[in-house]
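Structure first, then comments.
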Amino acid sequence: MPNIALELGKQAASFGVSGIYGEQQDADGIKIIPVALASSGFGGGSDEGGNGGGGAGGTAIPIGAYIRRGDDLRFEPNLISLLAVGIPFVWVAGHVLIRVIRALKK
């Protein structure tokens, strides 16, 4: 029986940005390098009867891209992802701040 952990480790190496969004792209002298936040997880188990199972999952959030024109290199964020992550964060932070202020008033 092959070592499952080693096989999963080999496959997880391709879960990075290049596996999700591809390699650097060149267009009209401009180089575009995608940037993403990627995570993955694996799990498994078995019982005394030899019944077992496992699973894996992953997610990727496009953060933006590095744009290189000649010697100029700058980062351009993906505004949709920024809003998708930022709005719930601001909502939670606002509710926490309200609770802290109420607790301090007592």
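Starting from 1 in every chain, residues are counted up; chains themselves are A, B, ... following the order of the structure tokens, and ligands are numbered from 1 as listed.
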
DSSP on the backbone, then: every residue of chain A marked strand (DSSP E or B), written as number ranges by chain.
A: 25-27, 30-46, 52-69, 72-77

Report as a count of residues only all protein, DNA and RNA residues lying within 8 Å of Arg69 of chain A, evaluated on only C-alpha atoms, omitting residues in the same chain fewer than 5 positions from it.
3

Would you please give, as a ChimeraX atom specification, all residues of chain A that DSSP assigns to helix (DSSP H, G or I) based on the backbone?
/A:4-15,17-21,79-105

Would you list the contacts of Leu82 of chain A as a VMD selection string, taking every protein, DNA or RNA residue within 10 Å and counting only C-alpha atoms, but skipping same-chain residues closer than 4 positions in sequence?
chain A and resid 61 to 64 77 to 78 86 to 87

Using atom CA of Ser81 of chain A and atom CA of Gln24 of chain A as the two end points, give the distance in Å to one decimal.
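Computed distance, atom CA of Ser81 of chain A to atom CA of Gln24 of chain A, equals 20.2 Å.
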
Atom-to-atom span, atom CA of Ala56 of chain A and atom CA of Ser40 of chain A, Å
7.3 Å

Could you name the residues that touch Gly57 of chain A at 10 Å or less, counting only C-alpha atoms, but leaving out those on the same chain fewer than 4 positions away, as a list in words?
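The neighbour list is Ser39, Ser40, Gly41, Phe42 and Gly43 of chain A.
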
Next, dump the selected residues to file, keeping only C-alpha atoms, as a PDB file, in the first residue's frame.
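Below is the file again.pdb, written as the result:
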ATOM      1  CA  SER A  39      -4.911  26.976   1.819  1.00  0.00           C
ATOM      2  CA  SER A  40      -5.666  23.292   1.922  1.00  0.00           C
ATOM      3  CA  GLY A  41      -6.349  20.634   4.495  1.00  0.00           C
ATOM      4  CA  PHE A  42      -6.424  16.865   4.668  1.00  0.00           C
ATOM      5  CA  GLY A  43      -7.909  14.396   7.088  1.00  0.00           C
TER       6      GLY A  43
END

Between atom CA of Ile80 of chain A and atom CA of Leu37 of chain A, measure the distance and give it in Å to one decimal.
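About the pair atom CA of Ile80 of chain A and atom CA of Leu37 of chain A: they are 14.3 Å apart.
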
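Among the candidates A:Phe75, A:Val92, A:Asn51, A:Gly58, the one nearest to Ala38 of chain A when counting only C-alpha atoms is A:Gly58.
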
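Distances from A:Gly44, A:Glu7, A:Lys105, A:Tyr66 to Gln25 of chain A were compared using only C-alpha atoms, and the smallest one belongs to A:Tyr66.
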